[in-house]
file structure.cif (mmCIF, C-alpha atoms)
data_my_file
#
loop_
_atom_site.label_atom_id
_atom_site.label_comp_id
_atom_site.auth_asym_id
_atom_site.auth_seq_id
_atom_site.Cartn_x
_atom_site.Cartn_y
_atom_site.Cartn_z
CA THR A 66 103.67 77.15 73.78
CA LYS A 67 101.74 79.05 71.13
CA ALA A 68 99.84 75.89 70.14
CA ARG A 69 97.00 76.25 72.65
CA ASP A 70 94.64 74.78 70.08
CA PHE A 71 96.56 71.51 70.45
CA TYR A 72 97.51 71.45 74.13
CA GLY A 73 94.99 73.77 75.80
CA HIS A 74 92.60 72.55 78.48
CA PRO A 75 89.96 71.25 78.06
CA ASP A 76 89.38 71.04 74.31
CA GLY A 77 92.86 70.61 72.83
CA PRO A 78 93.27 67.13 71.33
CA TYR A 79 96.62 66.76 73.10
CA ASN A 80 95.76 68.50 76.38
CA CYS A 81 96.62 65.22 78.14
CA PHE A 82 100.32 66.12 77.69
CA ALA A 83 100.04 69.54 79.34
CA GLY A 84 101.32 70.03 82.87
CA SER A 85 103.10 66.69 83.06
CA ASP A 86 106.05 64.68 81.79
CA ALA A 87 104.86 62.98 78.62
CA SER A 88 107.92 60.87 77.81
CA TYR A 89 106.15 57.54 78.10
CA MET A 90 103.00 58.75 76.34
CA LEU A 91 104.85 60.19 73.35
CA GLY A 92 107.02 57.12 72.88
CA ALA A 93 104.02 54.82 73.20
CA MET A 94 101.78 57.09 71.07
CA SER A 95 99.29 57.07 73.94
CA LEU A 96 96.74 59.71 74.94
CA ASP A 97 95.83 57.92 78.15
CA LYS A 98 96.11 60.42 81.04
CA SER A 99 96.83 57.60 83.46
CA ASN A 100 100.31 57.47 81.89
CA GLN A 101 101.17 61.06 82.79
CA ASN A 102 104.49 61.38 84.67
CA LYS A 103 105.20 57.67 84.20
CA LYS A 104 108.85 56.82 84.69
CA ASP A 105 108.85 53.24 85.97
CA PHE A 106 109.03 51.50 82.60
CA GLU A 107 111.54 49.70 80.39
CA GLN A 108 112.11 51.45 77.08
CA ASP A 109 112.20 49.13 74.06
CA GLY A 110 113.62 50.02 70.64
CA ASP A 111 110.36 51.24 69.13
CA HIS A 112 109.61 53.52 72.08
CA GLN A 113 113.17 54.86 72.01
CA MET A 114 113.01 55.81 68.32
CA THR A 115 109.50 57.24 68.51
CA LEU A 116 110.31 59.40 71.53
CA SER A 117 113.55 60.55 69.86
CA ASP A 118 111.55 61.74 66.87
CA TRP A 119 109.17 63.67 69.14
CA ILE A 120 112.07 65.25 71.05
CA SER A 121 113.57 66.46 67.77
CA ARG A 122 110.25 67.96 66.73
CA PHE A 123 109.70 69.75 70.04
CA ARG A 124 113.26 71.09 70.14
CA ALA A 125 112.87 72.47 66.63
CA LYS A 126 109.57 74.17 67.45
CA TYR A 127 109.56 75.29 71.10
CA PRO A 128 112.09 76.97 73.44
CA ILE A 129 113.24 74.82 76.38
CA VAL A 130 112.58 76.53 79.72
CA GLY A 131 114.07 73.95 82.11
CA ARG A 132 114.15 70.37 83.36
CA LEU A 133 111.36 68.76 85.35
CA ASP A 134 112.64 67.76 88.77
CA GLY A 135 112.92 63.98 89.07
CA PHE A 136 112.67 63.33 85.31
CA GLU A 137 115.93 64.87 84.07
CA ASN A 138 117.56 61.44 83.53
CA LEU A 139 114.58 59.73 81.91
CA CYS A 140 115.09 58.04 78.50
CA PRO A 141 118.69 59.21 77.89
CA GLU A 142 119.06 57.11 74.72
CA SER A 143 116.18 58.95 73.07
CA TRP A 144 117.79 62.28 73.88
CA ARG A 145 121.11 61.10 72.44
CA GLU A 146 119.41 59.92 69.25
CA ALA A 147 117.73 63.32 68.98
CA GLY A 148 121.14 64.94 68.71
CA ASN A 149 121.70 66.04 72.29
CA ASP A 150 124.89 63.99 72.74
CA ASP A 151 127.18 66.93 71.94
CA VAL A 152 125.76 69.10 74.70
CA ILE A 153 128.12 69.58 77.65
CA ASP A 154 127.12 67.30 80.53
CA ASP A 155 127.27 68.39 84.18
CA VAL A 156 128.44 71.87 83.22
CA ASN A 157 129.41 74.24 86.01
CA VAL A 158 128.15 77.58 84.74
CA ASN A 159 130.38 79.43 87.20
CA GLU A 160 133.46 77.96 85.51
CA ILE A 161 132.33 78.09 81.88
CA TYR A 162 135.05 80.56 80.90
CA ASN A 163 137.76 78.19 82.16
CA ASN A 164 137.08 75.76 79.30
CA ASP A 165 139.56 75.43 76.46
CA PHE A 166 137.13 76.32 73.66
CA ARG A 167 138.13 77.84 70.34
CA TYR A 168 137.42 81.50 69.66
CA VAL A 169 134.87 82.64 67.08
CA SER A 170 135.31 86.03 65.43
CA GLY A 171 132.44 88.48 65.23
CA LYS A 172 132.43 88.15 61.45
CA GLU A 173 132.31 84.35 61.60
CA LEU A 174 129.33 84.55 63.94
CA ALA A 175 127.56 87.17 61.80
CA ASP A 176 128.08 85.10 58.66
CA THR A 177 125.92 82.31 60.09
CA ALA A 178 122.88 84.54 59.64
CA LYS A 179 123.34 84.44 55.87
CA TYR A 180 120.96 82.27 53.87
CA SER A 181 123.93 80.50 52.28
CA SER A 182 125.45 79.49 55.62
CA LYS A 183 125.12 75.90 56.79
CA ASN A 184 125.56 77.00 60.40
CA ARG A 185 123.04 78.61 62.73
CA TRP A 186 124.92 80.12 65.65
CA LEU A 187 124.23 82.74 68.29
CA SER A 188 125.99 83.88 71.43
CA VAL A 189 124.89 84.20 75.06
CA CYS A 190 127.34 85.81 77.49
CA GLY A 191 130.03 85.44 74.85
CA VAL A 192 129.49 81.67 74.55
CA VAL A 193 128.59 80.65 71.00
CA PHE A 194 125.92 77.97 70.57
CA ASP A 195 124.80 75.92 67.59
CA VAL A 196 121.00 76.33 67.56
CA GLN A 197 120.42 74.45 64.31
CA SER A 198 118.09 72.01 66.07
CA ALA A 199 115.76 74.87 67.00
CA GLU A 200 116.19 77.11 63.98
CA SER A 201 112.47 77.88 63.77
CA VAL A 202 112.64 79.50 67.21
CA TYR A 203 115.30 81.98 66.05
CA GLU A 204 114.33 82.47 62.39
CA SER A 205 113.75 85.89 60.88
CA LEU A 206 109.99 86.13 60.43
CA TYR A 207 108.09 83.90 62.82
CA GLY A 208 110.61 82.88 65.48
CA ASP A 209 110.16 83.70 69.15
CA PHE A 210 113.61 85.35 69.01
CA ALA A 211 113.44 86.86 65.53
CA ASP A 212 116.74 87.46 63.70
CA ALA A 213 118.78 86.31 66.71
CA ILE A 214 121.08 84.09 64.66
CA GLY A 215 124.48 85.67 64.09
CA HIS A 216 124.34 87.89 67.18
CA ASP A 217 125.08 87.93 70.89
CA ILE A 218 121.65 88.13 72.51
CA SER A 219 122.67 88.61 76.16
CA ALA A 220 121.20 92.11 76.54
CA ALA A 221 118.07 91.02 74.67
CA LEU A 222 117.54 88.14 77.10
CA MET A 223 118.05 90.41 80.11
CA THR A 224 115.51 92.98 78.91
CA HIS A 225 113.28 90.62 76.93
CA THR A 226 113.57 92.98 73.98
CA PHE A 227 114.52 91.21 70.78
CA ASP A 228 115.44 93.73 68.12
CA ALA A 229 118.41 95.23 66.32
CA GLN A 230 119.05 97.73 69.15
CA THR A 231 119.54 95.06 71.82
CA TYR A 232 121.35 92.42 69.74
CA ASP A 233 125.11 92.70 70.26
CA ALA A 234 124.60 95.37 72.93
CA SER A 235 126.99 95.44 75.89
CA ILE A 236 125.75 94.13 79.25
CA ARG A 237 128.18 96.26 81.26
CA LYS A 238 125.47 98.75 82.26
CA PHE A 239 123.74 95.88 84.09
CA ASP A 240 126.76 94.95 86.24
CA THR A 241 125.04 96.14 89.43
CA ASP A 242 121.59 94.78 88.57
CA LYS A 243 121.64 91.41 90.35
CA THR A 244 118.10 90.54 89.24
CA LYS A 245 118.88 90.89 85.54
CA LEU A 246 122.24 89.15 85.95
CA ALA A 247 120.54 86.21 87.68
CA LYS A 248 118.03 86.04 84.82
CA LEU A 249 120.85 86.04 82.26
CA LYS A 250 122.75 83.39 84.19
CA LYS A 251 119.64 81.23 84.12
CA TYR A 252 119.41 81.57 80.36
CA LEU A 253 123.09 80.73 79.95
CA GLN A 254 122.64 77.56 82.01
CA LEU A 255 119.63 76.52 79.90
CA PHE A 256 121.50 77.13 76.65
CA LEU A 257 124.46 75.11 77.93
CA GLU A 258 122.14 72.22 78.78
CA THR A 259 120.26 72.43 75.48
CA TYR A 260 122.57 73.32 72.59
CA PRO A 261 126.06 72.27 71.48
CA THR A 262 128.76 74.79 72.37
CA VAL A 263 130.81 76.05 69.43
CA GLY A 264 133.28 78.20 71.36
CA PHE A 265 133.81 81.67 72.81
CA LEU A 266 133.01 84.86 70.95
CA ASP A 267 136.15 86.95 70.43
CA ASP A 268 135.17 89.81 72.75
CA ALA A 269 138.17 92.09 73.23
CA ASP A 270 136.06 94.77 74.92
CA ASN A 271 134.46 92.28 77.34
CA LYS A 272 130.96 93.44 76.35
CA TYR A 273 129.11 90.17 76.84
CA ARG A 274 130.62 88.12 79.66
CA ILE A 275 129.24 88.01 83.19
CA THR A 276 132.27 89.08 85.21
CA ASN A 277 130.96 88.47 88.72
CA PHE A 278 129.45 84.96 88.59
CA GLY A 279 130.08 84.40 92.27
CA ASP A 280 127.85 87.30 93.26
CA VAL A 281 124.87 86.06 91.22
CA SER A 282 122.33 83.57 92.63
CA PRO A 283 123.55 79.97 92.17
CA PRO A 284 121.95 77.76 89.50
CA SER A 285 120.51 75.39 92.10
CA GLU A 286 117.89 78.05 92.86
CA TRP A 287 116.41 78.10 89.37
CA SER A 288 117.76 75.42 87.05
CA LEU A 289 114.89 72.98 87.54
CA VAL A 290 111.18 73.41 86.93
CA GLU A 291 109.48 71.98 89.98
CA GLN A 292 106.85 69.35 89.22
CA ASN A 293 104.22 71.05 91.36
CA ASP A 294 104.62 74.20 89.25
CA ALA A 295 103.45 72.31 86.15
CA LYS A 296 99.70 72.58 86.61
CA PRO A 297 97.60 69.99 84.75
CA ASP A 298 94.89 72.52 83.95
CA VAL A 299 97.06 74.96 81.97
CA PRO A 300 98.99 74.54 78.71
CA ALA A 301 102.58 73.30 79.13
CA GLN A 302 105.33 75.85 78.64
CA ALA A 303 107.29 73.73 76.15
#
call {"tool": "encode", "arguments": {"input": "structure.cif", "output": "structure tokens"}}
result
Amino acid sequence: TKARDFYGHPDGPYNCFAGSDASYMLGAMSLDKSNQNKKDFEQDGDHQMTLSDWISRFRAKYPIVGRLDGFENLCPESWREAGNDDVIDDVNVNEIYNNDFRYVSGKELADTAKYSSKNRWLSVCGVVFDVQSAESVYESLYGDFADAIGHDISAALMTHTFDAQTYDASIRKFDTDKTKLAKLKKYLQLFLETYPTVGFLDDADNKYRITNFGDVSPPSEWSLVEQNDAKPDVPAQA
């Protein structure tokens, strides 16, 4: 997170949320550290709606880096209310290209970057996602991934270089780089778990798809953020 003034240890007013699962605390509007990582509770209607509102705010402001092991099924109704019900459940990233999705032309994708467009789409590995819920992350001036909307950002994610030269660049030159392919596969999994899927990008030249999924490290090695990696004395990576 960039908001260290809010979540940083020890002076941030909300540092109690950092390094832990804060689902109960956010829904209960509680700053009591004894409620960190609490998951043995019954969620009433008020908690459900309040947490849903917080989820929407966090998704619109911060990139999602993974799921905390043991908490991935906590408060599902709040996540559904926050607009996560159209995300593919239990997706097998190795078989993503076997789905019967519609095809999106390059022009249709590019048009979503226009101010007049009601859609906010981008592509990862030739899979087009609706990132409307996190538009501020991908917006033109201040987003973490500036000007990403309307482009395939696979090469940008692999090289962590977000500019006009890497957007829509082919990933074929990385076909033998297993480290970068594993990194890209991780990002694809996270996008699949986070954003609604619109369809496949019409990619006649096969510039963006990972063609050797089976040779890349399986998602079980990196899809979850282990709880012991979330240190209570550092700001949370939202």
call {"tool": "residues_around", "arguments": {"input": "structure.cif", "residues": "Gln254 of chain A", "least_positions_apart": "4", "cutoff": "7 Å", "atoms": "all atoms listed in the file", "output": "PDB file with C-alpha atoms, keeping the file's coordinate frame"}}
result
ATOM      1  CA  VAL A 158     128.150  77.580  84.740  1.00  0.00           C
ATOM      2  CA  LYS A 250     122.750  83.390  84.190  1.00  0.00           C
ATOM      3  CA  GLU A 258     122.140  72.220  78.780  1.00  0.00           C
TER       4      GLU A 258
END
call {"tool": "closest_residue", "arguments": {"input": "structure.cif", "among": "A:His112, A:Ala213, A:Arg237, A:Asp76", "to": "Ser95 of chain A", "atoms": "all atoms listed in the file"}}
result
A:His112
call {"tool": "atom_distance", "arguments": {"input": "structure.cif", "atom1": "atom CA of Asp195 of chain A", "atom2": "atom CA of Lys172 of chain A"}}
result
15.7 Å
call {"tool": "residues_around", "arguments": {"input": "structure.cif", "residues": "Tyr232 of chain A", "least_positions_apart": "5", "cutoff": "9 Å", "atoms": "only C-alpha atoms", "output": "list of chain:residue names"}}
result
A:Ala213, A:His216, A:Asp217, A:Ile218, A:Ser219, A:Ala220, A:Ala221, A:Thr226, A:Phe227
call {"tool": "closest_residue", "arguments": {"input": "structure.cif", "among": "A:Tyr203, A:Tyr273, A:Phe239, A:Trp186", "to": "Pro261 of chain A", "atoms": "only C-alpha atoms"}}
result
A:Trp186
call {"tool": "closest_residue", "arguments": {"input": "structure.cif", "among": "A:Val193, A:Glu204, A:Asn100, A:Lys183", "to": "Arg167 of chain A", "atoms": "all atoms listed in the file"}}
result
A:Val193
call {"tool": "closest_residue", "arguments": {"input": "structure.cif", "among": "A:Gly279, A:Gly264, A:Gly215, A:Gly208", "to": "Tyr127 of chain A", "atoms": "all atoms listed in the file"}}
result
A:Gly208
